[in-house]
>>> print(open('data32.txt').read())   # compact mmCIF, C-alpha atoms
# COMPACT_ATOMS: atom_id res chain seq x y z
CA MET A 272 43.18 7.36 -52.68
CA LYS A 273 41.85 10.59 -51.26
CA ASP A 274 41.70 11.77 -47.63
CA ALA A 275 37.91 11.61 -47.34
CA TYR A 276 34.93 9.77 -48.83
CA ASP A 277 31.22 9.55 -48.28
CA VAL A 278 31.45 5.79 -47.79
CA VAL A 279 34.40 3.48 -47.11
CA VAL A 280 33.58 -0.20 -47.60
CA VAL A 281 35.88 -2.69 -45.88
CA GLY A 282 36.10 -5.96 -47.77
CA ALA A 283 35.50 -6.63 -51.47
CA GLY A 284 33.46 -9.83 -51.29
CA PRO A 285 29.94 -9.91 -52.75
CA GLY A 286 28.56 -7.89 -49.81
CA GLY A 287 31.15 -5.14 -50.03
CA SER A 288 31.19 -4.85 -53.81
CA ASN A 289 27.38 -4.68 -54.05
CA THR A 290 27.31 -1.99 -51.36
CA ALA A 291 30.01 -0.01 -53.14
CA ARG A 292 28.37 -0.28 -56.55
CA VAL A 293 24.92 0.79 -55.40
CA ALA A 294 26.29 3.64 -53.28
CA ALA A 295 28.39 4.86 -56.23
CA GLU A 296 25.40 4.61 -58.58
CA HIS A 297 23.59 6.98 -56.22
CA GLY A 298 26.35 9.50 -56.75
CA LEU A 299 28.31 8.94 -53.54
CA GLU A 300 32.09 9.09 -53.30
CA VAL A 301 33.00 5.52 -52.41
CA LEU A 302 36.21 3.72 -51.51
CA LEU A 303 36.20 -0.09 -51.56
CA LEU A 304 39.15 -1.68 -49.74
CA GLU A 305 40.35 -5.29 -49.96
CA LYS A 306 43.26 -6.42 -47.85
CA ARG A 307 44.15 -9.37 -50.03
CA PRO A 308 46.18 -8.85 -53.18
CA GLU A 309 43.48 -10.40 -55.39
CA ILE A 310 39.74 -9.86 -55.14
CA GLY A 311 37.90 -13.19 -55.29
CA ALA A 312 40.79 -15.34 -54.16
CA PRO A 313 41.19 -17.41 -52.17
CA LYS A 314 37.55 -18.46 -52.14
CA ARG A 315 35.92 -20.03 -49.09
CA CYS A 316 32.83 -21.37 -50.80
CA GLY A 317 30.98 -24.31 -52.34
CA GLU A 318 30.14 -22.02 -55.27
CA GLY A 319 26.46 -22.86 -55.64
CA PHE A 320 24.22 -19.95 -56.76
CA SER A 321 20.56 -20.04 -57.72
CA VAL A 322 18.84 -18.65 -60.81
CA ASN A 323 16.19 -17.07 -58.57
CA GLY A 324 18.89 -15.46 -56.44
CA ALA A 325 20.51 -13.84 -59.47
CA LYS A 326 17.10 -12.55 -60.63
CA THR A 327 16.25 -11.06 -57.25
CA LEU A 328 19.62 -9.32 -57.12
CA GLY A 329 19.42 -8.08 -60.70
CA ILE A 330 22.76 -9.73 -61.43
CA LYS A 331 22.99 -10.67 -65.09
CA PRO A 332 24.43 -14.16 -65.59
CA ASP A 333 27.83 -13.92 -67.25
CA PRO A 334 29.43 -16.96 -68.90
CA ARG A 335 32.71 -16.04 -67.25
CA TRP A 336 31.26 -17.21 -63.92
CA THR A 337 28.19 -19.34 -64.79
CA ILE A 338 30.47 -22.22 -65.60
CA ASN A 339 28.11 -25.13 -64.95
CA GLU A 340 24.31 -25.47 -65.02
CA ILE A 341 22.60 -27.20 -62.10
CA TRP A 342 19.21 -28.88 -62.48
CA GLY A 343 18.77 -30.60 -59.14
CA ALA A 344 20.33 -32.30 -56.16
CA ASN A 345 21.00 -35.68 -54.60
CA ILE A 346 20.83 -35.75 -50.81
CA VAL A 347 22.47 -38.85 -49.39
CA ALA A 348 21.55 -40.20 -45.93
CA PRO A 349 24.12 -41.85 -43.62
CA ASN A 350 22.99 -45.32 -44.79
CA GLY A 351 23.51 -44.36 -48.43
CA LYS A 352 19.82 -43.85 -49.27
CA ARG A 353 19.57 -41.13 -51.93
CA VAL A 354 16.79 -38.57 -51.95
CA SER A 355 16.87 -36.85 -55.31
CA VAL A 356 15.15 -34.00 -57.03
CA ARG A 357 15.59 -33.02 -60.66
CA TYR A 358 13.62 -29.98 -61.78
CA GLU A 359 12.18 -29.37 -65.22
CA LYS A 360 14.33 -26.33 -65.68
CA GLN A 361 17.74 -25.19 -64.63
CA VAL A 362 17.69 -23.95 -61.04
CA GLY A 363 21.21 -22.71 -60.53
CA TRP A 364 24.85 -22.75 -61.37
CA VAL A 365 28.10 -23.76 -59.86
CA ILE A 366 29.95 -20.53 -60.32
CA GLU A 367 33.58 -19.46 -60.59
CA ARG A 368 33.80 -17.35 -57.45
CA LYS A 369 37.08 -15.80 -58.49
CA MET A 370 35.45 -14.29 -61.58
CA PHE A 371 32.12 -13.58 -59.89
CA ASP A 372 33.72 -11.54 -57.11
CA LYS A 373 36.11 -9.80 -59.43
CA LEU A 374 33.34 -8.77 -61.82
CA LEU A 375 31.27 -7.39 -58.94
CA ALA A 376 34.26 -5.25 -57.95
CA ILE A 377 34.70 -4.19 -61.58
CA GLU A 378 31.03 -3.16 -61.67
CA ALA A 379 31.59 -1.11 -58.51
CA ALA A 380 34.58 0.58 -60.13
CA ARG A 381 32.63 1.28 -63.34
CA ALA A 382 29.88 2.87 -61.25
CA GLY A 383 32.50 5.28 -59.96
CA ALA A 384 33.77 3.65 -56.77
CA GLU A 385 37.47 3.75 -56.09
CA VAL A 386 38.69 0.19 -55.54
CA LEU A 387 41.97 -0.77 -53.90
CA ALA A 388 43.28 -4.28 -53.36
CA LYS A 389 46.07 -5.10 -50.93
CA SER A 390 44.93 -2.32 -48.64
CA GLU A 391 44.27 -3.43 -45.10
CA VAL A 392 42.06 -1.63 -42.60
CA VAL A 393 43.82 -1.92 -39.23
CA GLY A 394 41.67 0.38 -37.11
CA LEU A 395 38.78 2.82 -36.95
CA VAL A 396 38.68 6.56 -36.39
CA MET A 397 36.12 7.16 -33.63
CA GLN A 398 34.84 10.55 -32.48
CA ASP A 399 31.91 11.51 -30.23
CA GLY A 400 30.51 7.99 -30.42
CA PHE A 401 30.58 7.98 -34.22
CA VAL A 402 32.72 5.98 -36.62
CA ARG A 403 34.41 8.72 -38.66
CA GLY A 404 36.91 6.84 -40.77
CA VAL A 405 39.48 4.06 -41.05
CA GLU A 406 43.18 3.51 -40.59
CA VAL A 407 44.60 1.84 -43.69
CA GLU A 408 47.90 0.05 -44.20
CA ARG A 409 48.93 0.07 -47.80
CA HIS A 410 52.28 -0.92 -49.18
CA GLY A 411 54.10 -0.18 -45.94
CA GLU A 412 52.32 3.15 -45.40
CA ARG A 413 49.73 3.91 -42.75
CA LEU A 414 47.05 6.40 -43.76
CA THR A 415 43.93 7.84 -42.22
CA VAL A 416 40.86 8.05 -44.43
CA GLU A 417 37.76 9.92 -43.30
CA ALA A 418 34.31 8.52 -44.05
CA LYS A 419 30.80 9.64 -43.30
CA ILE A 420 29.81 5.97 -43.23
CA VAL A 421 32.01 2.91 -42.86
CA VAL A 422 30.59 -0.40 -44.09
CA ALA A 423 31.97 -3.48 -42.33
CA ALA A 424 31.91 -6.16 -45.00
CA ASP A 425 35.03 -7.83 -43.68
CA GLY A 426 33.62 -11.32 -43.69
CA VAL A 427 34.11 -14.08 -41.19
CA GLU A 428 37.07 -12.28 -39.63
CA SER A 429 34.72 -9.45 -38.77
CA LYS A 430 36.84 -7.07 -36.76
CA VAL A 431 35.51 -3.70 -37.92
CA ALA A 432 32.11 -4.09 -36.26
CA ARG A 433 33.76 -5.27 -33.05
CA TRP A 434 36.03 -2.23 -33.00
CA ALA A 435 32.86 -0.13 -33.13
CA GLY A 436 31.24 -1.98 -30.24
CA ILE A 437 28.99 -4.45 -32.08
CA ASP A 438 29.81 -7.97 -30.90
CA SER A 439 30.06 -9.86 -34.18
CA THR A 440 32.28 -12.62 -32.74
CA GLN A 441 31.61 -15.92 -34.52
CA ARG A 442 30.64 -18.26 -31.68
CA LEU A 443 31.89 -21.83 -32.00
CA VAL A 444 28.33 -23.17 -31.83
CA ASP A 445 27.45 -20.97 -34.80
CA ILE A 446 30.38 -21.33 -37.19
CA ASP A 447 31.35 -24.35 -39.23
CA SER A 448 34.90 -25.30 -40.11
CA ALA A 449 35.23 -25.87 -43.82
CA TYR A 450 37.82 -27.50 -46.02
CA GLN A 451 37.65 -28.08 -49.74
CA TYR A 452 39.39 -29.38 -52.82
CA GLU A 453 38.85 -28.47 -56.40
CA MET A 454 39.60 -31.66 -58.26
CA VAL A 455 39.65 -33.22 -61.69
CA VAL A 456 37.44 -36.28 -61.51
CA ASP A 457 34.95 -38.00 -63.82
CA LEU A 458 31.45 -37.19 -62.63
CA GLU A 459 28.31 -39.28 -63.16
CA GLU A 460 25.84 -36.42 -63.01
CA PRO A 461 27.56 -33.12 -63.73
CA ASP A 462 24.27 -31.18 -63.55
CA MET A 463 23.37 -32.28 -60.01
CA LEU A 464 24.65 -31.15 -56.60
CA ASP A 465 25.48 -34.02 -54.21
CA LEU A 466 25.23 -33.60 -50.44
CA TYR A 467 26.24 -36.35 -47.99
CA PHE A 468 24.97 -36.29 -44.40
CA GLY A 469 25.94 -38.25 -41.29
CA ASN A 470 27.37 -37.67 -37.85
CA ASP A 471 30.44 -39.77 -38.67
CA ILE A 472 30.82 -38.14 -42.11
CA ALA A 473 30.43 -34.49 -41.13
CA PRO A 474 29.19 -33.68 -37.61
CA ARG A 475 26.65 -30.79 -37.81
CA GLY A 476 27.44 -30.33 -41.50
CA TYR A 477 27.78 -32.22 -44.75
CA VAL A 478 30.13 -33.21 -47.52
CA TRP A 479 29.37 -31.54 -50.84
CA VAL A 480 30.25 -32.41 -54.41
CA PHE A 481 29.46 -29.43 -56.62
CA PRO A 482 30.33 -30.04 -60.29
CA LYS A 483 32.13 -27.28 -62.17
CA GLY A 484 31.93 -29.22 -65.42
CA LYS A 485 31.94 -32.82 -66.64
CA ASP A 486 35.20 -33.64 -64.94
CA VAL A 487 35.91 -30.89 -62.42
CA ALA A 488 34.29 -30.59 -59.00
CA ASN A 489 34.36 -28.49 -55.87
CA VAL A 490 34.48 -31.21 -53.18
CA GLY A 491 34.27 -29.93 -49.63
CA ILE A 492 33.07 -30.32 -46.10
CA GLY A 493 31.66 -28.20 -43.30
CA ILE A 494 31.65 -29.47 -39.72
CA GLY A 495 31.02 -28.06 -36.26
CA GLY A 496 34.51 -27.75 -34.85
CA ASN A 497 33.23 -27.86 -31.28
CA VAL A 498 31.28 -31.10 -31.81
CA SER A 499 33.95 -32.95 -33.77
CA THR A 500 36.86 -35.11 -32.70
CA LYS A 501 38.89 -34.52 -35.86
CA THR A 502 39.65 -31.58 -38.13
CA ALA A 503 37.57 -30.75 -41.19
CA LYS A 504 40.50 -31.82 -43.35
CA GLN A 505 40.66 -35.23 -41.66
CA TYR A 506 36.93 -35.84 -42.09
CA LEU A 507 37.04 -34.86 -45.76
CA ASP A 508 40.13 -36.94 -46.50
CA GLU A 509 38.49 -39.98 -44.86
CA TRP A 510 35.33 -39.50 -46.91
CA ILE A 511 37.27 -39.11 -50.14
CA ALA A 512 39.39 -42.21 -49.41
CA LYS A 513 36.19 -44.28 -49.18
CA HIS A 514 34.43 -42.89 -52.24
CA GLU A 515 35.23 -43.64 -55.84
CA PRO A 516 36.02 -41.88 -58.10
CA PHE A 517 37.00 -39.05 -55.75
CA ASN A 518 39.84 -41.07 -54.25
CA GLU A 519 41.41 -40.92 -57.71
CA GLY A 520 40.72 -37.19 -58.11
CA ARG A 521 43.54 -34.85 -59.09
CA ILE A 522 43.70 -31.92 -56.70
CA ILE A 523 44.17 -28.55 -58.38
CA GLU A 524 43.19 -26.27 -55.50
CA VAL A 525 42.91 -26.46 -51.70
CA ASN A 526 40.93 -24.05 -49.53
CA ALA A 527 39.89 -23.73 -45.91
CA GLY A 528 37.57 -21.35 -44.14
CA GLY A 529 34.91 -20.54 -41.62
CA VAL A 530 31.22 -20.65 -42.55
CA PRO A 531 28.90 -18.70 -40.23
CA VAL A 532 25.75 -20.74 -39.56
CA GLY A 533 24.27 -18.66 -36.75
CA ALA A 534 21.41 -16.22 -36.46
CA PRO A 535 21.83 -12.69 -37.85
CA LEU A 536 23.30 -10.04 -35.54
CA GLU A 537 20.71 -8.37 -33.33
CA LYS A 538 21.83 -4.95 -34.54
CA LEU A 539 23.38 -4.21 -37.94
CA VAL A 540 24.27 -0.54 -37.45
CA ALA A 541 25.93 1.98 -35.16
CA ASN A 542 26.61 5.70 -35.56
CA GLY A 543 28.42 5.94 -38.89
CA LEU A 544 28.60 2.16 -39.37
CA MET A 545 26.71 -0.56 -41.23
CA VAL A 546 27.54 -4.29 -41.08
CA VAL A 547 26.99 -6.47 -44.14
CA GLY A 548 27.30 -10.15 -45.07
CA ASP A 549 29.22 -12.82 -43.14
CA ALA A 550 30.34 -10.13 -40.70
CA ALA A 551 26.66 -9.57 -39.87
CA HIS A 552 26.00 -13.34 -39.81
CA GLN A 553 23.61 -12.84 -42.74
CA VAL A 554 23.76 -16.44 -43.92
CA ASN A 555 21.54 -19.41 -44.61
CA ALA A 556 22.29 -21.51 -41.52
CA ILE A 557 21.17 -24.75 -43.15
CA HIS A 558 23.36 -24.82 -46.24
CA GLY A 559 25.86 -22.19 -45.14
CA GLY A 560 25.42 -20.16 -48.32
CA GLY A 561 26.14 -16.47 -48.00
CA VAL A 562 26.68 -14.98 -51.47
CA PHE A 563 23.03 -14.17 -52.05
CA GLU A 564 22.43 -12.89 -48.52
CA ALA A 565 25.52 -10.68 -48.51
CA SER A 566 24.72 -9.27 -51.96
CA PHE A 567 21.11 -8.56 -51.03
CA ALA A 568 22.10 -6.84 -47.79
CA GLY A 569 24.86 -4.90 -49.56
CA GLN A 570 22.50 -3.46 -52.15
CA LEU A 571 20.12 -2.37 -49.40
CA ALA A 572 22.98 -0.89 -47.36
CA GLY A 573 24.16 1.06 -50.42
CA ARG A 574 20.70 2.57 -50.93
CA VAL A 575 20.27 3.52 -47.28
CA ALA A 576 23.79 5.01 -47.19
CA ALA A 577 22.83 7.27 -50.09
CA GLU A 578 19.66 8.39 -48.35
CA ALA A 579 21.46 9.01 -45.05
CA ILE A 580 24.17 11.09 -46.68
CA GLU A 581 21.67 13.08 -48.70
CA ARG A 582 19.90 13.94 -45.45
CA GLY A 583 23.16 14.69 -43.71
CA ASP A 584 22.33 12.22 -40.96
CA VAL A 585 24.51 9.14 -40.44
CA SER A 586 23.33 8.44 -36.90
CA GLU A 587 22.40 4.96 -35.79
CA ALA A 588 18.75 6.04 -35.72
CA MET A 589 18.90 6.94 -39.41
CA LEU A 590 20.94 3.91 -40.45
CA MET A 591 18.45 1.65 -38.64
CA LYS A 592 16.42 1.92 -41.82
CA TYR A 593 18.84 -0.61 -43.31
CA ASP A 594 18.40 -2.85 -40.26
CA ARG A 595 14.58 -2.67 -40.37
CA GLU A 596 14.23 -3.16 -44.11
CA TRP A 597 16.70 -6.02 -44.11
CA ARG A 598 14.88 -7.77 -41.25
CA ALA A 599 11.53 -7.36 -43.00
CA ALA A 600 12.92 -8.87 -46.20
CA ARG A 601 15.33 -11.55 -44.93
CA GLY A 602 15.64 -11.53 -41.16
CA GLU A 603 12.57 -13.54 -40.29
CA ILE A 604 13.22 -16.25 -42.84
CA LEU A 605 16.87 -16.58 -41.82
CA HIS A 606 15.80 -16.91 -38.18
CA ARG A 607 13.42 -19.70 -39.16
CA ILE A 608 16.21 -21.45 -41.06
CA TYR A 609 18.49 -21.03 -38.03
CA LYS A 610 15.89 -22.71 -35.79
CA LEU A 611 15.68 -25.54 -38.30
CA ARG A 612 19.44 -25.99 -38.15
CA ARG A 613 19.35 -26.17 -34.36
CA ALA A 614 16.67 -28.88 -34.59
CA ILE A 615 18.41 -30.89 -37.31
CA GLU A 616 21.71 -30.96 -35.47
CA GLN A 617 20.07 -32.97 -32.69
CA LEU A 618 19.31 -35.85 -35.08
CA SER A 619 21.20 -39.13 -34.89
CA ASP A 620 22.15 -41.08 -38.00
CA GLN A 621 19.12 -43.35 -37.41
CA ASP A 622 16.91 -40.25 -37.34
CA LEU A 623 18.46 -38.97 -40.57
CA ASN A 624 17.95 -42.35 -42.24
CA TYR A 625 14.33 -42.31 -41.09
CA LEU A 626 13.84 -38.83 -42.51
CA ALA A 627 15.29 -39.95 -45.84
CA GLU A 628 12.51 -42.56 -46.05
CA GLN A 629 9.80 -39.97 -45.36
CA LEU A 630 10.91 -37.03 -47.46
CA THR A 631 11.12 -36.11 -51.10
CA GLY A 632 13.96 -34.13 -52.65
CA GLU A 633 11.55 -31.21 -53.10
CA ASP A 634 10.91 -31.28 -49.35
CA VAL A 635 14.61 -31.03 -48.55
CA VAL A 636 15.11 -28.12 -50.93
CA ALA A 637 12.05 -26.40 -49.42
CA PHE A 638 13.48 -26.86 -45.91
CA ALA A 639 16.72 -25.21 -47.00
CA ASN A 640 14.63 -22.19 -48.00
CA GLY A 641 12.78 -22.17 -44.69
CA GLU A 642 9.57 -23.63 -46.20
CA ARG A 643 7.42 -26.70 -45.40
CA LEU A 644 8.75 -26.78 -41.83
CA GLY A 645 5.31 -27.85 -40.59
CA LYS A 646 5.67 -31.07 -42.58
CA LEU A 647 9.09 -31.71 -41.06
CA ALA A 648 7.78 -31.05 -37.56
CA LYS A 649 4.94 -33.55 -38.12
CA ILE A 650 7.38 -36.24 -39.22
CA LEU A 651 9.71 -35.56 -36.27
CA MET A 652 6.71 -35.74 -33.89
CA LYS A 653 6.30 -39.42 -34.74
CA ARG A 654 9.60 -40.16 -33.02
CA PRO A 655 9.11 -39.59 -29.26
CA HIS A 656 12.69 -38.52 -28.61
CA LEU A 657 12.38 -35.85 -31.33
CA ILE A 658 9.23 -34.17 -30.03
CA LYS A 659 11.30 -31.48 -28.36
CA ALA A 660 13.16 -30.75 -31.60
CA ALA A 661 9.85 -30.70 -33.49
CA LYS A 662 8.34 -28.20 -31.06
CA GLU A 663 11.30 -25.88 -31.47
CA LEU A 664 10.47 -25.76 -35.17
CA MET A 665 6.87 -24.66 -34.71
CA MET B 224 50.50 -19.55 -22.33
CA PRO B 225 49.31 -18.09 -25.64
CA ARG B 226 48.48 -20.38 -28.54
CA LYS B 227 51.06 -21.13 -31.23
CA VAL B 228 50.51 -21.21 -34.99
CA ASP B 229 51.99 -24.02 -37.08
CA TYR B 230 52.74 -22.11 -40.28
CA ASP B 231 53.38 -25.33 -42.20
CA LEU B 232 49.68 -26.15 -41.75
CA CYS B 233 47.95 -22.74 -41.63
CA MET B 234 45.89 -21.96 -44.75
CA SER B 235 45.48 -18.25 -43.88
CA CYS B 236 41.70 -18.65 -44.06
CA GLY B 237 41.07 -16.24 -41.19
CA GLY B 238 38.15 -18.11 -39.65
CA CYS B 239 39.90 -18.22 -36.28
CA VAL B 240 40.17 -14.41 -36.32
CA GLY B 241 36.38 -14.14 -36.23
CA VAL B 242 36.06 -16.89 -33.64
CA CYS B 243 38.52 -15.39 -31.13
CA PRO B 244 36.46 -13.69 -28.40
CA PHE B 245 39.41 -11.52 -27.37
CA LEU B 246 40.45 -10.03 -30.74
CA ALA B 247 43.83 -11.68 -30.13
CA LEU B 248 44.33 -12.88 -33.70
CA THR B 249 45.19 -10.92 -36.82
CA LEU B 250 45.62 -12.19 -40.34
CA GLU B 251 48.27 -9.73 -41.38
CA HIS B 252 47.96 -8.64 -45.02
CA GLY B 253 45.53 -11.54 -45.43
CA ILE B 254 48.49 -13.89 -45.22
CA LYS B 255 50.21 -14.31 -41.87
CA LEU B 256 48.30 -15.25 -38.74
CA ILE B 257 49.63 -13.39 -35.70
CA VAL B 258 48.74 -14.15 -32.06
CA ASP B 259 48.70 -11.14 -29.76
CA GLU B 260 50.28 -12.73 -26.70
CA GLU B 261 48.93 -10.00 -24.40
CA ARG B 262 45.32 -10.65 -25.44
CA CYS B 263 45.37 -14.45 -25.86
CA THR B 264 43.80 -16.20 -22.85
CA ASP B 265 44.52 -19.71 -24.11
CA CYS B 266 40.77 -20.40 -24.30
CA GLY B 267 41.27 -22.72 -27.27
CA SER B 268 38.37 -21.49 -29.42
CA CYS B 269 40.71 -21.05 -32.39
CA THR B 270 42.07 -24.57 -31.96
CA SER B 271 38.55 -26.05 -31.86
CA PHE B 272 37.67 -24.15 -35.00
CA CYS B 273 40.78 -24.62 -37.14
CA PRO B 274 39.89 -26.80 -40.17
CA VAL B 275 43.47 -28.07 -40.46
CA GLY B 276 44.73 -28.29 -36.87
CA ALA B 277 47.23 -25.45 -37.26
CA ILE B 278 46.73 -23.74 -33.89
CA LYS B 279 48.20 -25.56 -30.94
CA GLU B 280 48.76 -25.27 -27.22
CA ALA B 281 52.18 -23.85 -26.51
>>> encode(input="data32.txt", output="structure tokens")
Amino acid sequence: MKDAYDVVVVGAGPGGSNTARVAAEHGLEVLLLEKRPEIGAPKRCGEGFSVNGAKTLGIKPDPRWTINEIWGANIVAPNGKRVSVRYEKQVGWVIERKMFDKLLAIEAARAGAEVLAKSEVVGLVMQDGFVRGVEVERHGERLTVEAKIVVAADGVESKVARWAGIDSTQRLVDIDSAYQYEMVVDLEEPDMLDLYFGNDIAPRGYVWVFPKGKDVANVGIGIGGNVSTKTAKQYLDEWIAKHEPFNEGRIIEVNAGGVPVGAPLEKLVANGLMVVGDAAHQVNAIHGGGVFEASFAGQLAGRVAAEAIERGDVSEAMLMKYDREWRAARGEILHRIYKLRRAIEQLSDQDLNYLAEQLTGEDVVAFANGERLGKLAKILMKRPHLIKAAKELM
Amino acid sequence: MPRKVDYDLCMSCGGCVGVCPFLALTLEHGIKLIVDEERCTDCGSCTSFCPVGAIKEA
């Protein structure tokens, strides 16, 4: 580790590693810091990833992480009614996040970035209203590292942006509490994602069964902690106890975590600082997925960092280019998806059952991508008590 | 009174760190959750969030 870099990236998740790789490919001196001893672990993720997402990001599928093909999904209403969609081609994978994240960090290192695990950023160096570097704790030592630009990709914990004056606090109404098992269990349809909805099953969220092979699954839950009477673990354990064959599943891994499901931050940059990924609330608020969004934002942040440093201007005004371009590409759609989430969370189990009668699986997948919301609004309009929710969608 | 962490239950996921409006929580080395007793206002946000019920009233 040197005393000074062009860019210091805090956090080696998909957002941080993509930022670091792209910045390094543009010739910048980059340091990528991860406080945990192992990049990629522990995961806090359902591990779904789409073929289209990989294409958009230019990430080449690698059999070390594309461990199971996904061709469709079953969405299950509170009354058990299944709404299914199976496409004519593969649409995604359940991935091995540990390998995925690690390989992204390896790519960053190969591009020339310095990468350091078990190195914790504990503070910022601020000067004249600019972020000028980070304080790092590493193996019992405390070091100061200068940076022209610091990238806050520190995930749900998101302290770096807050130290710099951007309020990235995860509000309780906009973060889900998640709990998950990886288990060995015989699966009926190993190429389909299963999602179970209901206010008694998972208030404001859902239970997921994402197959990682014929007999291994990522089984998890996300709930709104502030609208629930029990913990995420309790809800998931109750669901599993009632559902064969999962009640016989052999648990090989346990994870917990927070899943931001809010709207993106109103400002993604400050003087000498860019915020990326979960820390910037760049997530799909309906399904809670963040790997694609963080990666996309990270690549953009890496490009803008290179341009800013080439021009010798790391002011907020210059870095706003990242903010503007990101909003043009993803901001509007994520806002629409956020509004959809706020509407859906008002629905009772009877409403959800009604929707399951009216919708196709294709509809549900479209909704999750922020599409066909007019159709949803029309259906909601037919139920007088949902007119307000429908209007919020339009 | 500041909140207390039950280390037998805590999964070190760090979600509560992002939820705390007062920057009173730190996940030291990504492992141990520490409550800054000076900053904690006992608001209970962390407790509402915690997926495993590991943060309790003192």
>>> closest_residue(input="data32.txt", among="A:Gly632, A:Pro313, A:Gly645, A:Gly573", to="chain B", atoms="only C-alpha atoms")
A:Pro313
>>> atom_distance(input="data32.txt", atom1="CA of Pro535 in chain A", atom2="CA of Gln553 in chain A")
5.2 Å
>>> closest_residue(input="data32.txt", among="A:Asp447, A:Glu564, A:Glu378, A:Glu406", to="chain B", atoms="all atoms listed in the file")
A:Asp447
>>> interface_residues(input="data32.txt", of="chain A", to="chain B", cutoff="7 Å", atoms="only C-alpha atoms", output="MDAnalysis selection string")
chainID A and resid 306:307 391 427:429 440:443 448:450 496:497 502:504 527:529
>>> atom_distance(input="data32.txt", atom1="CA of Thr264 in chain B", atom2="CA of Ala281 in chain B")
11.9 Å
>>> residues_around(input="data32.txt", residues="Asn350 in chain A", least_positions_apart="2", cutoff="9 Å", atoms="all atoms listed in the file", output="VMD selection string")
chain A and resid 347 to 348 352 to 353 469 620 to 621 623 to 624
>>> write_last_selection(input="data32.txt", atoms="C-alpha atoms", output="tab-separated table (two decimals), in the coordinates of the input")
chain	number	residue	atom	x	y	z
A	347	VAL	CA	22.47	-38.85	-49.39
A	348	ALA	CA	21.55	-40.20	-45.93
A	352	LYS	CA	19.82	-43.85	-49.27
A	353	ARG	CA	19.57	-41.13	-51.93
A	469	GLY	CA	25.94	-38.25	-41.29
A	620	ASP	CA	22.15	-41.08	-38.00
A	621	GLN	CA	19.12	-43.35	-37.41
A	623	LEU	CA	18.46	-38.97	-40.57
A	624	ASN	CA	17.95	-42.35	-42.24
>>> closest_residue(input="data32.txt", among="A:Lys373, A:Arg368, A:Lys538, A:Lys610", to="Ile338 in chain A", atoms="all atoms listed in the file")
A:Arg368
>>> atom_distance(input="data32.txt", atom1="CA of Ile366 in chain A", atom2="CA of Glu460 in chain A")
16.6 Å
>>> residues_around(input="data32.txt", residues="Leu626 in chain A", least_positions_apart="6", cutoff="12 Å", atoms="all atoms listed in the file", output="mmCIF file with C-alpha atoms, in the coordinates of the input")
data_model
loop_
_atom_site.group_PDB
_atom_site.id
_atom_site.type_symbol
_atom_site.label_atom_id
_atom_site.label_comp_id
_atom_site.auth_asym_id
_atom_site.auth_seq_id
_atom_site.Cartn_x
_atom_site.Cartn_y
_atom_site.Cartn_z
ATOM 1 C CA ILE A 346 20.830 -35.750 -50.810
ATOM 2 C CA VAL A 347 22.470 -38.850 -49.390
ATOM 3 C CA ALA A 348 21.550 -40.200 -45.930
ATOM 4 C CA PRO A 349 24.120 -41.850 -43.620
ATOM 5 C CA ASN A 350 22.990 -45.320 -44.790
ATOM 6 C CA LYS A 352 19.820 -43.850 -49.270
ATOM 7 C CA ARG A 353 19.570 -41.130 -51.930
ATOM 8 C CA VAL A 354 16.790 -38.570 -51.950
ATOM 9 C CA PHE A 468 24.970 -36.290 -44.400
ATOM 10 C CA ILE A 615 18.410 -30.890 -37.310
ATOM 11 C CA LEU A 618 19.310 -35.850 -35.080
ATOM 12 C CA SER A 619 21.200 -39.130 -34.890
ATOM 13 C CA ASP A 620 22.150 -41.080 -38.000
ATOM 14 C CA GLY A 632 13.960 -34.130 -52.650
ATOM 15 C CA ASP A 634 10.910 -31.280 -49.350
ATOM 16 C CA VAL A 635 14.610 -31.030 -48.550
ATOM 17 C CA LYS A 646 5.670 -31.070 -42.580
ATOM 18 C CA LEU A 647 9.090 -31.710 -41.060
ATOM 19 C CA ALA A 648 7.780 -31.050 -37.560
ATOM 20 C CA LYS A 649 4.940 -33.550 -38.120
ATOM 21 C CA ILE A 650 7.380 -36.240 -39.220
ATOM 22 C CA LEU A 651 9.710 -35.560 -36.270
ATOM 23 C CA MET A 652 6.710 -35.740 -33.890
ATOM 24 C CA LYS A 653 6.300 -39.420 -34.740
ATOM 25 C CA ARG A 654 9.600 -40.160 -33.020
ATOM 26 C CA LEU A 657 12.380 -35.850 -31.330
#
>>> axis_aligned_box(input="data32.txt", around="range 338-352 of chain A", padding_each_side="5 Å", output="lines of an AutoDock Vina configuration file")
center_x = 24.6
center_y = -33.8
center_z = -54.6
size_x = 21.7
size_y = 33.1
size_z = 32.0
>>> closest_residue(input="data32.txt", among="A:Ala344, A:Val490, A:Ala541, A:Ala534", to="Ile511 in chain A", atoms="all atoms listed in the file")
A:Val490
>>> residues_around(input="data32.txt", residues="range 574-580 of chain A", least_positions_apart="3", cutoff="6 Å", atoms="only C-alpha atoms", output="PDB file with C-alpha atoms, keeping the file's coordinate frame")
ATOM      1  CA  ALA A 294      26.290   3.640 -53.280  1.00  0.00           C
ATOM      2  CA  LEU A 571      20.120  -2.370 -49.400  1.00  0.00           C
ATOM      3  CA  GLY A 583      23.160  14.690 -43.710  1.00  0.00           C
ATOM      4  CA  ASP A 584      22.330  12.220 -40.960  1.00  0.00           C
ATOM      5  CA  VAL A 585      24.510   9.140 -40.440  1.00  0.00           C
ATOM      6  CA  TYR A 593      18.840  -0.610 -43.310  1.00  0.00           C
TER       7      TYR A 593
END
